[in-house]
Amino acid sequence: MTKQEIIEKVNKVFEESFEIEKDRLLPEANIFLDLGLDSLDIVDLMVALQKSFEVNLRNEESIRNIRTLEDIYKFILEFQERKKGQSNP
Amino acid sequence: MNIALSFVFNIFYVPWFVIISLVLAFFVTLAISFSYISGGHRHALRVFRFGIAWYARTLIKFFYPYVRVRCEYSEKSDATEPYIFVSNHRSFVDSYLLAYLPYEGVLIVNTWPFRIPVLGYYAKLAGYLNINKMAPDVFFEKARRLLEENVSLVFFPEGTRSIGRAMGKFHGTAFRLALQSKMPLVPLCVTGTEKILPKGSLLIRPGKLTIRRLRAIPWEEYKDLTAFALKNRIRRIIGEELERMENPA
């Protein structure tokens with residue numbers, strides 16, 4: 001999956017599960033300060049991302065460092081590359 | 001009525017407010033004591049909560065015609081079922097106004113109402129929940145238990161009183177609880193309280209208060225939403241209704 005595809009999929013999660021307008025979904029948008037999510041919403045976000053990307057993110061420690069949409073795109077991209085590396089040693 | 005007249009009224013009213021509060025508190029305490037003896041702890045709590053509502057309604061009536069209250073219900077309600085009420089919040093008076101809901105209810109508040117002399121103590125005894133002092137897990141557990149006991153919960157999801165008419169952002173706790181507990185959500189719209197006792201003022205001014213209870217939204221209608229989406233939808237519903245109430249076409 002390319003970065004552009006990841007961006008589109010993540011943004012779709014924010015549009016459909018959180019009903020946030022497309023024009024607010026800028027890479028630099030802080031998901032807490034700009035988009036208004038709280039710490040408990042992160043659980044819902046992870047559930048929605050897991051469903052959308054069909055992955056298990058439960059044990060991913062780096063989720064705690066996510067602040068912006070760009071952080072999420074990078075997180076998914078790195079997660080995907082790591083999984084690919086594990087399945088093709 | 002100008003500020004000077006309001007000031008005169010307040011000088012007259014405040015001693016009566018204290019006297020009536022003490023007299024009513026005495027009767028409520030008496031009723032609770034008898035209820036505890038005759039029906040046990042749960043029955044006493046129920047009587048206590050209805051007693052608080054009775055006290056609040058009586059005090060508001062005492063203001064008439066200086067302060068007038070109008071209650072509007074968009075549907076006939078089933079008082080046997082508990083609800084999760086969510087209301088806009090402009091003034092301390094809002095908590096008194098919610099006594100017009102015909103339910104055994106508990107307010108979800110932050111720390112400062114518990115610091116009010118006498119009233120804060122009674123709020124604590126009645127089992128009002130201090131959302132700021134509880135871990136989320138503890139709060140959800142206590143709230144769920146109250147709903148199971150048929151006690152309705154009243155939230156001010158803005159978390160604090162707004163300044164003027166502009167509604168603040170909503171917090172998600174009420175909506176997360178609704179999704180978990182599968183209880184119907186009822187939006188409430190309160191207008192006029194911001195003029196009678198604005199935030200930061202102790203001077204009660206004359207005016208008309210309106211509380212409008214909107215249609216109960218059953219869990220089946222919102223179960224597929226996240227708490228975030230649900231809170232924003234309800235905020236929009238309340239905002240649009242307030243607009244209709246304050247600026248009728």
# chains A, B, ... in the order shown; residues from 1 in each chain; ligands from 1
call {"tool": "residues_around", "arguments": {"residues": "range 113-130 of chain B", "least_positions_apart": "2", "cutoff": "10 Å", "atoms": "only C-alpha atoms", "output": "PDB file with N, CA and C atoms, in the first residue's frame"}}
result
ATOM      1  N   SER B  21     -34.479  27.658  52.468  1.00  0.00           N
ATOM      2  CA  SER B  21     -33.582  26.515  52.257  1.00  0.00           C
ATOM      3  C   SER B  21     -33.446  25.699  53.535  1.00  0.00           C
ATOM      4  N   LEU B  22     -33.290  26.391  54.657  1.00  0.00           N
ATOM      5  CA  LEU B  22     -33.116  25.676  55.923  1.00  0.00           C
ATOM      6  C   LEU B  22     -34.390  24.927  56.318  1.00  0.00           C
ATOM      7  N   ALA B  25     -34.801  22.051  53.934  1.00  0.00           N
ATOM      8  CA  ALA B  25     -33.777  21.042  54.244  1.00  0.00           C
ATOM      9  C   ALA B  25     -34.207  20.227  55.460  1.00  0.00           C
ATOM     10  N   THR B  29     -34.875  16.282  55.281  1.00  0.00           N
ATOM     11  CA  THR B  29     -34.141  15.403  56.202  1.00  0.00           C
ATOM     12  C   THR B  29     -35.110  14.521  56.987  1.00  0.00           C
ATOM     13  N   ALA B  44     -34.745   5.423  50.900  1.00  0.00           N
ATOM     14  CA  ALA B  44     -34.403   6.738  51.464  1.00  0.00           C
ATOM     15  C   ALA B  44     -33.695   7.612  50.416  1.00  0.00           C
ATOM     16  N   LEU B  45     -32.808   6.974  49.634  1.00  0.00           N
ATOM     17  CA  LEU B  45     -32.094   7.729  48.598  1.00  0.00           C
ATOM     18  C   LEU B  45     -33.059   8.269  47.542  1.00  0.00           C
ATOM     19  N   ARG B  46     -34.028   7.424  47.201  1.00  0.00           N
ATOM     20  CA  ARG B  46     -35.035   7.819  46.202  1.00  0.00           C
ATOM     21  C   ARG B  46     -35.833   9.026  46.720  1.00  0.00           C
ATOM     22  N   VAL B  47     -36.266   8.925  47.960  1.00  0.00           N
ATOM     23  CA  VAL B  47     -37.018  10.029  48.571  1.00  0.00           C
ATOM     24  C   VAL B  47     -36.135  11.283  48.637  1.00  0.00           C
ATOM     25  N   PHE B  48     -34.885  11.099  48.973  1.00  0.00           N
ATOM     26  CA  PHE B  48     -33.936  12.206  49.071  1.00  0.00           C
ATOM     27  C   PHE B  48     -33.814  12.937  47.732  1.00  0.00           C
ATOM     28  N   ARG B  49     -33.636  12.158  46.657  1.00  0.00           N
ATOM     29  CA  ARG B  49     -33.443  12.778  45.334  1.00  0.00           C
ATOM     30  C   ARG B  49     -34.705  13.520  44.882  1.00  0.00           C
ATOM     31  N   PHE B  50     -35.871  12.907  45.128  1.00  0.00           N
ATOM     32  CA  PHE B  50     -37.106  13.621  44.787  1.00  0.00           C
ATOM     33  C   PHE B  50     -37.280  14.829  45.711  1.00  0.00           C
ATOM     34  N   GLY B  51     -36.809  14.693  46.953  1.00  0.00           N
ATOM     35  CA  GLY B  51     -36.868  15.802  47.907  1.00  0.00           C
ATOM     36  C   GLY B  51     -36.035  16.990  47.447  1.00  0.00           C
ATOM     37  N   ILE B  52     -34.871  16.710  46.894  1.00  0.00           N
ATOM     38  CA  ILE B  52     -34.016  17.790  46.382  1.00  0.00           C
ATOM     39  C   ILE B  52     -34.724  18.505  45.223  1.00  0.00           C
ATOM     40  N   PHE B  92     -25.599  28.624  36.964  1.00  0.00           N
ATOM     41  CA  PHE B  92     -25.798  27.762  38.140  1.00  0.00           C
ATOM     42  C   PHE B  92     -27.273  27.370  38.267  1.00  0.00           C
ATOM     43  N   GLY B 105     -33.252  11.529  39.738  1.00  0.00           N
ATOM     44  CA  GLY B 105     -32.068  11.850  38.942  1.00  0.00           C
ATOM     45  C   GLY B 105     -30.861  12.190  39.777  1.00  0.00           C
ATOM     46  N   VAL B 106     -29.727  12.001  39.141  1.00  0.00           N
ATOM     47  CA  VAL B 106     -28.449  12.365  39.763  1.00  0.00           C
ATOM     48  C   VAL B 106     -27.700  13.257  38.786  1.00  0.00           C
ATOM     49  N   LEU B 107     -27.188  14.352  39.306  1.00  0.00           N
ATOM     50  CA  LEU B 107     -26.416  15.266  38.451  1.00  0.00           C
ATOM     51  C   LEU B 107     -24.962  14.825  38.408  1.00  0.00           C
ATOM     52  N   ILE B 108     -24.380  14.936  37.245  1.00  0.00           N
ATOM     53  CA  ILE B 108     -22.953  14.676  37.105  1.00  0.00           C
ATOM     54  C   ILE B 108     -22.278  16.048  37.101  1.00  0.00           C
ATOM     55  N   VAL B 109     -21.477  16.295  38.107  1.00  0.00           N
ATOM     56  CA  VAL B 109     -20.930  17.651  38.284  1.00  0.00           C
ATOM     57  C   VAL B 109     -19.416  17.596  38.469  1.00  0.00           C
ATOM     58  N   ASN B 110     -18.797  18.780  38.428  1.00  0.00           N
ATOM     59  CA  ASN B 110     -17.370  18.797  38.768  1.00  0.00           C
ATOM     60  C   ASN B 110     -17.215  19.230  40.226  1.00  0.00           C
ATOM     61  N   THR B 111     -16.050  19.582  40.617  1.00  0.00           N
ATOM     62  CA  THR B 111     -15.762  19.701  42.058  1.00  0.00           C
ATOM     63  C   THR B 111     -16.473  20.855  42.765  1.00  0.00           C
ATOM     64  N   ASN B 132     -14.743  14.859  38.052  1.00  0.00           N
ATOM     65  CA  ASN B 132     -13.326  15.240  38.057  1.00  0.00           C
ATOM     66  C   ASN B 132     -12.502  14.459  39.070  1.00  0.00           C
ATOM     67  N   LYS B 133     -13.184  13.843  40.006  1.00  0.00           N
ATOM     68  CA  LYS B 133     -12.466  13.164  41.093  1.00  0.00           C
ATOM     69  C   LYS B 133     -12.402  11.651  40.894  1.00  0.00           C
ATOM     70  N   MET B 134     -12.938  11.185  39.773  1.00  0.00           N
ATOM     71  CA  MET B 134     -12.999   9.731  39.585  1.00  0.00           C
ATOM     72  C   MET B 134     -12.228   9.308  38.347  1.00  0.00           C
ATOM     73  N   PHE B 139     -15.891   5.879  37.411  1.00  0.00           N
ATOM     74  CA  PHE B 139     -17.068   6.680  37.067  1.00  0.00           C
ATOM     75  C   PHE B 139     -18.073   5.856  36.260  1.00  0.00           C
ATOM     76  N   LYS B 142     -19.899   3.324  38.468  1.00  0.00           N
ATOM     77  CA  LYS B 142     -20.904   3.934  39.354  1.00  0.00           C
ATOM     78  C   LYS B 142     -22.115   4.413  38.553  1.00  0.00           C
ATOM     79  N   ALA B 143     -21.853   4.995  37.402  1.00  0.00           N
ATOM     80  CA  ALA B 143     -22.944   5.511  36.566  1.00  0.00           C
ATOM     81  C   ALA B 143     -23.828   4.371  36.064  1.00  0.00           C
ATOM     82  N   LEU B 146     -26.105   3.155  38.805  1.00  0.00           N
ATOM     83  CA  LEU B 146     -27.247   4.060  39.017  1.00  0.00           C
ATOM     84  C   LEU B 146     -28.325   3.817  37.959  1.00  0.00           C
ATOM     85  N   LEU B 153     -29.521  10.044  34.747  1.00  0.00           N
ATOM     86  CA  LEU B 153     -28.317  10.847  34.952  1.00  0.00           C
ATOM     87  C   LEU B 153     -28.412  12.124  34.116  1.00  0.00           C
ATOM     88  N   VAL B 154     -27.989  13.211  34.704  1.00  0.00           N
ATOM     89  CA  VAL B 154     -28.051  14.493  33.989  1.00  0.00           C
ATOM     90  C   VAL B 154     -26.634  15.042  33.828  1.00  0.00           C
TER      91      VAL B 154
END
call {"tool": "interface_residues", "arguments": {"of": "chain A", "to": "chain B", "cutoff": "12 Å", "atoms": "only C-alpha atoms", "output": "PyMOL selection string"}}
result
chain A and resi 13-21+32-33+35-48
call {"tool": "residues_around", "arguments": {"residues": "Asn88 in chain B", "least_positions_apart": "3", "cutoff": "9 Å", "atoms": "only C-alpha atoms", "output": "PyMOL selection string"}}
result
chain B and resi 94+155-158+161-162+167-168+187-191+235+238-239
call {"tool": "write_last_selection", "arguments": {"atoms": "C-alpha atoms", "output": "compact mmCIF listing (two decimals), in the first residue's frame"}}
result
# COMPACT_ATOMS: atom_id res chain seq x y z
CA ASP B 94 -29.65 25.23 35.30
CA PHE B 155 -24.90 15.72 32.26
CA PHE B 156 -23.71 19.15 31.26
CA PRO B 157 -21.34 17.92 28.54
CA GLU B 158 -19.73 21.34 28.13
CA ARG B 161 -20.97 27.09 32.29
CA SER B 162 -20.64 28.87 28.97
CA MET B 167 -22.17 26.71 23.53
CA GLY B 168 -18.77 25.23 24.39
CA PRO B 187 -31.18 16.35 24.74
CA LEU B 188 -32.32 19.26 26.91
CA CYS B 189 -32.27 22.91 25.91
CA VAL B 190 -32.25 25.55 28.61
CA THR B 191 -32.60 29.25 27.83
CA ARG B 235 -24.40 19.18 20.23
CA ILE B 238 -29.19 21.16 20.93
CA GLY B 239 -27.60 24.11 19.11
call {"tool": "atom_distance", "arguments": {"atom1": "CA of Arg205 in chain B", "atom2": "CA of Tyr66 in chain B"}}
result
7.9 Å
call {"tool": "residues_around", "arguments": {"residues": "Arg213 in chain B", "least_positions_apart": "2", "cutoff": "12 Å", "atoms": "only C-alpha atoms", "output": "PDB file with N, CA and C atoms, in the first residue's frame"}}
result
ATOM      1  N   ARG B  70     -40.936  27.983  32.206  1.00  0.00           N
ATOM      2  CA  ARG B  70     -41.801  27.296  31.249  1.00  0.00           C
ATOM      3  C   ARG B  70     -41.119  25.966  30.874  1.00  0.00           C
ATOM      4  N   CYS B  71     -41.873  24.873  31.003  1.00  0.00           N
ATOM      5  CA  CYS B  71     -41.335  23.550  30.636  1.00  0.00           C
ATOM      6  C   CYS B  71     -42.032  23.071  29.373  1.00  0.00           C
ATOM      7  N   GLU B  72     -41.263  22.614  28.442  1.00  0.00           N
ATOM      8  CA  GLU B  72     -41.835  22.134  27.181  1.00  0.00           C
ATOM      9  C   GLU B  72     -41.312  20.725  26.905  1.00  0.00           C
ATOM     10  N   TYR B  73     -42.227  19.820  26.612  1.00  0.00           N
ATOM     11  CA  TYR B  73     -41.827  18.441  26.340  1.00  0.00           C
ATOM     12  C   TYR B  73     -42.258  18.082  24.926  1.00  0.00           C
ATOM     13  N   SER B  74     -41.330  17.553  24.153  1.00  0.00           N
ATOM     14  CA  SER B  74     -41.669  17.233  22.772  1.00  0.00           C
ATOM     15  C   SER B  74     -42.365  15.892  22.646  1.00  0.00           C
ATOM     16  N   GLU B  75     -42.396  15.107  23.706  1.00  0.00           N
ATOM     17  CA  GLU B  75     -43.115  13.828  23.668  1.00  0.00           C
ATOM     18  C   GLU B  75     -43.481  13.443  25.094  1.00  0.00           C
ATOM     19  N   LYS B  76     -44.463  12.586  25.190  1.00  0.00           N
ATOM     20  CA  LYS B  76     -44.851  12.095  26.500  1.00  0.00           C
ATOM     21  C   LYS B  76     -43.766  11.127  26.971  1.00  0.00           C
ATOM     22  N   SER B  77     -43.310  11.306  28.186  1.00  0.00           N
ATOM     23  CA  SER B  77     -42.181  10.480  28.603  1.00  0.00           C
ATOM     24  C   SER B  77     -42.621   9.338  29.492  1.00  0.00           C
ATOM     25  N   TYR B  83     -33.061   7.650  31.942  1.00  0.00           N
ATOM     26  CA  TYR B  83     -32.524   8.300  30.746  1.00  0.00           C
ATOM     27  C   TYR B  83     -31.170   8.910  31.056  1.00  0.00           C
ATOM     28  N   ILE B  84     -30.438   9.173  30.000  1.00  0.00           N
ATOM     29  CA  ILE B  84     -29.231   9.987  30.140  1.00  0.00           C
ATOM     30  C   ILE B  84     -29.564  11.333  29.510  1.00  0.00           C
ATOM     31  N   PHE B  85     -29.691  12.339  30.341  1.00  0.00           N
ATOM     32  CA  PHE B  85     -30.025  13.682  29.854  1.00  0.00           C
ATOM     33  C   PHE B  85     -28.737  14.454  29.593  1.00  0.00           C
ATOM     34  N   VAL B  86     -28.723  15.193  28.510  1.00  0.00           N
ATOM     35  CA  VAL B  86     -27.577  16.073  28.240  1.00  0.00           C
ATOM     36  C   VAL B  86     -28.116  17.472  27.950  1.00  0.00           C
ATOM     37  N   SER B  87     -27.591  18.422  28.688  1.00  0.00           N
ATOM     38  CA  SER B  87     -28.134  19.780  28.600  1.00  0.00           C
ATOM     39  C   SER B  87     -27.032  20.795  28.332  1.00  0.00           C
ATOM     40  N   ASN B  88     -27.411  21.877  27.659  1.00  0.00           N
ATOM     41  CA  ASN B  88     -26.479  23.012  27.569  1.00  0.00           C
ATOM     42  C   ASN B  88     -26.388  23.640  28.957  1.00  0.00           C
ATOM     43  N   LEU B  97     -33.217  24.126  37.627  1.00  0.00           N
ATOM     44  CA  LEU B  97     -34.266  23.984  36.627  1.00  0.00           C
ATOM     45  C   LEU B  97     -34.508  22.516  36.260  1.00  0.00           C
ATOM     46  N   LEU B  98     -33.449  21.727  36.335  1.00  0.00           N
ATOM     47  CA  LEU B  98     -33.572  20.322  35.960  1.00  0.00           C
ATOM     48  C   LEU B  98     -34.420  19.535  36.962  1.00  0.00           C
ATOM     49  N   TYR B 100     -37.304  20.059  37.362  1.00  0.00           N
ATOM     50  CA  TYR B 100     -38.617  19.937  36.724  1.00  0.00           C
ATOM     51  C   TYR B 100     -38.764  18.627  35.950  1.00  0.00           C
ATOM     52  N   LEU B 101     -37.681  17.881  35.828  1.00  0.00           N
ATOM     53  CA  LEU B 101     -37.783  16.576  35.160  1.00  0.00           C
ATOM     54  C   LEU B 101     -38.395  15.587  36.154  1.00  0.00           C
ATOM     55  N   PRO B 102     -39.432  14.867  35.733  1.00  0.00           N
ATOM     56  CA  PRO B 102     -40.137  13.998  36.699  1.00  0.00           C
ATOM     57  C   PRO B 102     -39.444  12.653  36.927  1.00  0.00           C
ATOM     58  N   LEU B 185     -30.849   8.532  25.074  1.00  0.00           N
ATOM     59  CA  LEU B 185     -30.250   9.853  25.330  1.00  0.00           C
ATOM     60  C   LEU B 185     -31.317  10.918  25.109  1.00  0.00           C
ATOM     61  N   VAL B 186     -31.391  11.863  26.021  1.00  0.00           N
ATOM     62  CA  VAL B 186     -32.395  12.918  25.867  1.00  0.00           C
ATOM     63  C   VAL B 186     -31.720  14.291  25.872  1.00  0.00           C
ATOM     64  N   PRO B 187     -31.738  14.999  24.743  1.00  0.00           N
ATOM     65  CA  PRO B 187     -31.178  16.352  24.745  1.00  0.00           C
ATOM     66  C   PRO B 187     -32.128  17.336  25.439  1.00  0.00           C
ATOM     67  N   LEU B 188     -31.553  18.215  26.228  1.00  0.00           N
ATOM     68  CA  LEU B 188     -32.325  19.263  26.913  1.00  0.00           C
ATOM     69  C   LEU B 188     -31.787  20.620  26.477  1.00  0.00           C
ATOM     70  N   CYS B 189     -32.698  21.559  26.282  1.00  0.00           N
ATOM     71  CA  CYS B 189     -32.274  22.910  25.915  1.00  0.00           C
ATOM     72  C   CYS B 189     -32.786  23.878  26.974  1.00  0.00           C
ATOM     73  N   VAL B 190     -31.882  24.616  27.552  1.00  0.00           N
ATOM     74  CA  VAL B 190     -32.246  25.554  28.608  1.00  0.00           C
ATOM     75  C   VAL B 190     -31.891  26.969  28.152  1.00  0.00           C
ATOM     76  N   THR B 191     -32.867  27.846  28.212  1.00  0.00           N
ATOM     77  CA  THR B 191     -32.604  29.247  27.833  1.00  0.00           C
ATOM     78  C   THR B 191     -33.054  30.190  28.948  1.00  0.00           C
ATOM     79  N   THR B 210     -36.761  28.858  30.133  1.00  0.00           N
ATOM     80  CA  THR B 210     -37.451  27.789  29.404  1.00  0.00           C
ATOM     81  C   THR B 210     -36.575  26.548  29.398  1.00  0.00           C
ATOM     82  N   ILE B 211     -37.203  25.427  29.701  1.00  0.00           N
ATOM     83  CA  ILE B 211     -36.501  24.149  29.559  1.00  0.00           C
ATOM     84  C   ILE B 211     -37.294  23.317  28.557  1.00  0.00           C
ATOM     85  N   ARG B 215     -36.971  14.907  22.000  1.00  0.00           N
ATOM     86  CA  ARG B 215     -37.311  13.476  21.876  1.00  0.00           C
ATOM     87  C   ARG B 215     -36.165  12.595  22.399  1.00  0.00           C
ATOM     88  N   ALA B 216     -36.528  11.546  23.126  1.00  0.00           N
ATOM     89  CA  ALA B 216     -35.518  10.586  23.582  1.00  0.00           C
ATOM     90  C   ALA B 216     -34.980   9.813  22.381  1.00  0.00           C
ATOM     91  N   ILE B 217     -33.674   9.690  22.309  1.00  0.00           N
ATOM     92  CA  ILE B 217     -33.062   8.974  21.179  1.00  0.00           C
ATOM     93  C   ILE B 217     -32.659   7.587  21.670  1.00  0.00           C
ATOM     94  N   ILE B 237     -27.823  19.097  17.477  1.00  0.00           N
ATOM     95  CA  ILE B 237     -29.279  19.067  17.728  1.00  0.00           C
ATOM     96  C   ILE B 237     -29.648  20.134  18.766  1.00  0.00           C
ATOM     97  N   ILE B 238     -28.900  20.184  19.863  1.00  0.00           N
ATOM     98  CA  ILE B 238     -29.186  21.159  20.927  1.00  0.00           C
ATOM     99  C   ILE B 238     -28.979  22.586  20.389  1.00  0.00           C
ATOM    100  N   GLU B 241     -31.826  23.630  18.134  1.00  0.00           N
ATOM    101  CA  GLU B 241     -33.062  23.855  18.895  1.00  0.00           C
ATOM    102  C   GLU B 241     -32.978  25.164  19.682  1.00  0.00           C
ATOM    103  N   LEU B 242     -31.818  25.447  20.252  1.00  0.00           N
ATOM    104  CA  LEU B 242     -31.642  26.710  20.986  1.00  0.00           C
ATOM    105  C   LEU B 242     -31.854  27.896  20.042  1.00  0.00           C
TER     106      LEU B 242
END
call {"tool": "residues_around", "arguments": {"residues": "Ile66 in chain A", "least_positions_apart": "3", "cutoff": "10 Å", "atoms": "only C-alpha atoms", "output": "JSON, numbers by chain"}}
result
{"A": [30, 31, 32, 42, 62, 63, 69, 70, 71, 72, 73, 74, 75]}
call {"tool": "write_last_selection", "arguments": {"atoms": "C-alpha atoms", "output": "PDB file, in the first residue's frame"}}
result
ATOM      1  CA  ASN A  30      -3.202  17.805  15.836  1.00  0.00           C
ATOM      2  CA  ILE A  31      -5.790  15.125  16.544  1.00  0.00           C
ATOM      3  CA  PHE A  32      -6.381  16.476  20.088  1.00  0.00           C
ATOM      4  CA  ILE A  42      -8.013   7.128  20.750  1.00  0.00           C
ATOM      5  CA  SER A  62       4.391   3.864  19.502  1.00  0.00           C
ATOM      6  CA  ILE A  63       0.661   4.712  19.342  1.00  0.00           C
ATOM      7  CA  LEU A  69      -2.484  12.985  11.234  1.00  0.00           C
ATOM      8  CA  GLU A  70       0.984  12.792   9.673  1.00  0.00           C
ATOM      9  CA  ASP A  71       2.080  10.742  12.715  1.00  0.00           C
ATOM     10  CA  ILE A  72      -0.736   8.277  11.989  1.00  0.00           C
ATOM     11  CA  TYR A  73       0.203   7.980   8.300  1.00  0.00           C
ATOM     12  CA  LYS A  74       3.841   7.330   9.272  1.00  0.00           C
ATOM     13  CA  PHE A  75       2.815   4.909  11.997  1.00  0.00           C
TER      14      PHE A  75
END
call {"tool": "select_by_dssp", "arguments": {"residues": "chain A", "states": "helix (DSSP H, G or I)", "output": "ChimeraX atom specification"}}
result
/A:3-17,22-24,41-53,61-65,69-87
call {"tool": "write_last_selection", "arguments": {"atoms": "C-alpha atoms", "output": "PDB file, in the first residue's frame"}}
result
ATOM      1  CA  LYS A   3       1.568   6.356   1.381  1.00  0.00           C
ATOM      2  CA  GLN A   4      -1.161   8.057  -0.653  1.00  0.00           C
ATOM      3  CA  GLU A   5      -3.455   5.056  -0.227  1.00  0.00           C
ATOM      4  CA  ILE A   6      -2.751   5.057   3.510  1.00  0.00           C
ATOM      5  CA  ILE A   7      -3.562   8.778   3.710  1.00  0.00           C
ATOM      6  CA  GLU A   8      -6.873   8.226   1.915  1.00  0.00           C
ATOM      7  CA  LYS A   9      -7.814   5.277   4.108  1.00  0.00           C
ATOM      8  CA  VAL A  10      -6.928   7.042   7.375  1.00  0.00           C
ATOM      9  CA  ASN A  11      -8.804  10.170   6.316  1.00  0.00           C
ATOM     10  CA  LYS A  12     -11.806   8.025   5.434  1.00  0.00           C
ATOM     11  CA  VAL A  13     -11.768   6.658   8.988  1.00  0.00           C
ATOM     12  CA  PHE A  14     -11.876  10.215  10.349  1.00  0.00           C
ATOM     13  CA  GLU A  15     -14.662  11.174   7.950  1.00  0.00           C
ATOM     14  CA  GLU A  16     -16.843   8.110   8.531  1.00  0.00           C
ATOM     15  CA  SER A  17     -16.229   7.186  12.165  1.00  0.00           C
ATOM     16  CA  LYS A  22     -12.529  16.513   4.779  1.00  0.00           C
ATOM     17  CA  ASP A  23     -11.119  20.054   4.661  1.00  0.00           C
ATOM     18  CA  ARG A  24     -10.000  19.789   8.308  1.00  0.00           C
ATOM     19  CA  ASP A  41     -11.427   8.576  21.583  1.00  0.00           C
ATOM     20  CA  ILE A  42      -8.013   7.128  20.750  1.00  0.00           C
ATOM     21  CA  VAL A  43      -9.365   3.696  21.651  1.00  0.00           C
ATOM     22  CA  ASP A  44     -12.209   4.166  19.136  1.00  0.00           C
ATOM     23  CA  LEU A  45      -9.699   5.458  16.591  1.00  0.00           C
ATOM     24  CA  MET A  46      -7.527   2.381  16.986  1.00  0.00           C
ATOM     25  CA  VAL A  47     -10.546   0.078  16.639  1.00  0.00           C
ATOM     26  CA  ALA A  48     -11.582   1.883  13.453  1.00  0.00           C
ATOM     27  CA  LEU A  49      -8.033   1.789  12.031  1.00  0.00           C
ATOM     28  CA  GLN A  50      -7.716  -1.923  12.849  1.00  0.00           C
ATOM     29  CA  LYS A  51     -10.992  -2.589  11.054  1.00  0.00           C
ATOM     30  CA  SER A  52     -10.075  -0.478   8.064  1.00  0.00           C
ATOM     31  CA  PHE A  53      -6.528  -1.849   7.599  1.00  0.00           C
ATOM     32  CA  GLU A  61       3.643   1.077  21.992  1.00  0.00           C
ATOM     33  CA  SER A  62       4.391   3.864  19.502  1.00  0.00           C
ATOM     34  CA  ILE A  63       0.661   4.712  19.342  1.00  0.00           C
ATOM     35  CA  ARG A  64       1.261   6.801  22.483  1.00  0.00           C
ATOM     36  CA  ASN A  65       3.468   9.188  20.502  1.00  0.00           C
ATOM     37  CA  LEU A  69      -2.484  12.985  11.234  1.00  0.00           C
ATOM     38  CA  GLU A  70       0.984  12.792   9.673  1.00  0.00           C
ATOM     39  CA  ASP A  71       2.080  10.742  12.715  1.00  0.00           C
ATOM     40  CA  ILE A  72      -0.736   8.277  11.989  1.00  0.00           C
ATOM     41  CA  TYR A  73       0.203   7.980   8.300  1.00  0.00           C
ATOM     42  CA  LYS A  74       3.841   7.330   9.272  1.00  0.00           C
ATOM     43  CA  PHE A  75       2.815   4.909  11.997  1.00  0.00           C
ATOM     44  CA  ILE A  76       0.708   2.806   9.594  1.00  0.00           C
ATOM     45  CA  LEU A  77       3.402   2.951   6.914  1.00  0.00           C
ATOM     46  CA  GLU A  78       6.116   1.802   9.333  1.00  0.00           C
ATOM     47  CA  PHE A  79       3.827  -0.860  10.785  1.00  0.00           C
ATOM     48  CA  GLN A  80       3.115  -2.173   7.302  1.00  0.00           C
ATOM     49  CA  GLU A  81       6.809  -2.254   6.344  1.00  0.00           C
ATOM     50  CA  ARG A  82       7.722  -3.997   9.585  1.00  0.00           C
ATOM     51  CA  LYS A  83       5.079  -6.676   9.018  1.00  0.00           C
ATOM     52  CA  LYS A  84       6.229  -7.120   5.424  1.00  0.00           C
ATOM     53  CA  GLY A  85       9.838  -7.525   6.651  1.00  0.00           C
ATOM     54  CA  GLN A  86       8.715 -10.132   9.194  1.00  0.00           C
ATOM     55  CA  SER A  87       6.834 -12.178   6.624  1.00  0.00           C
TER      56      SER A  87
END
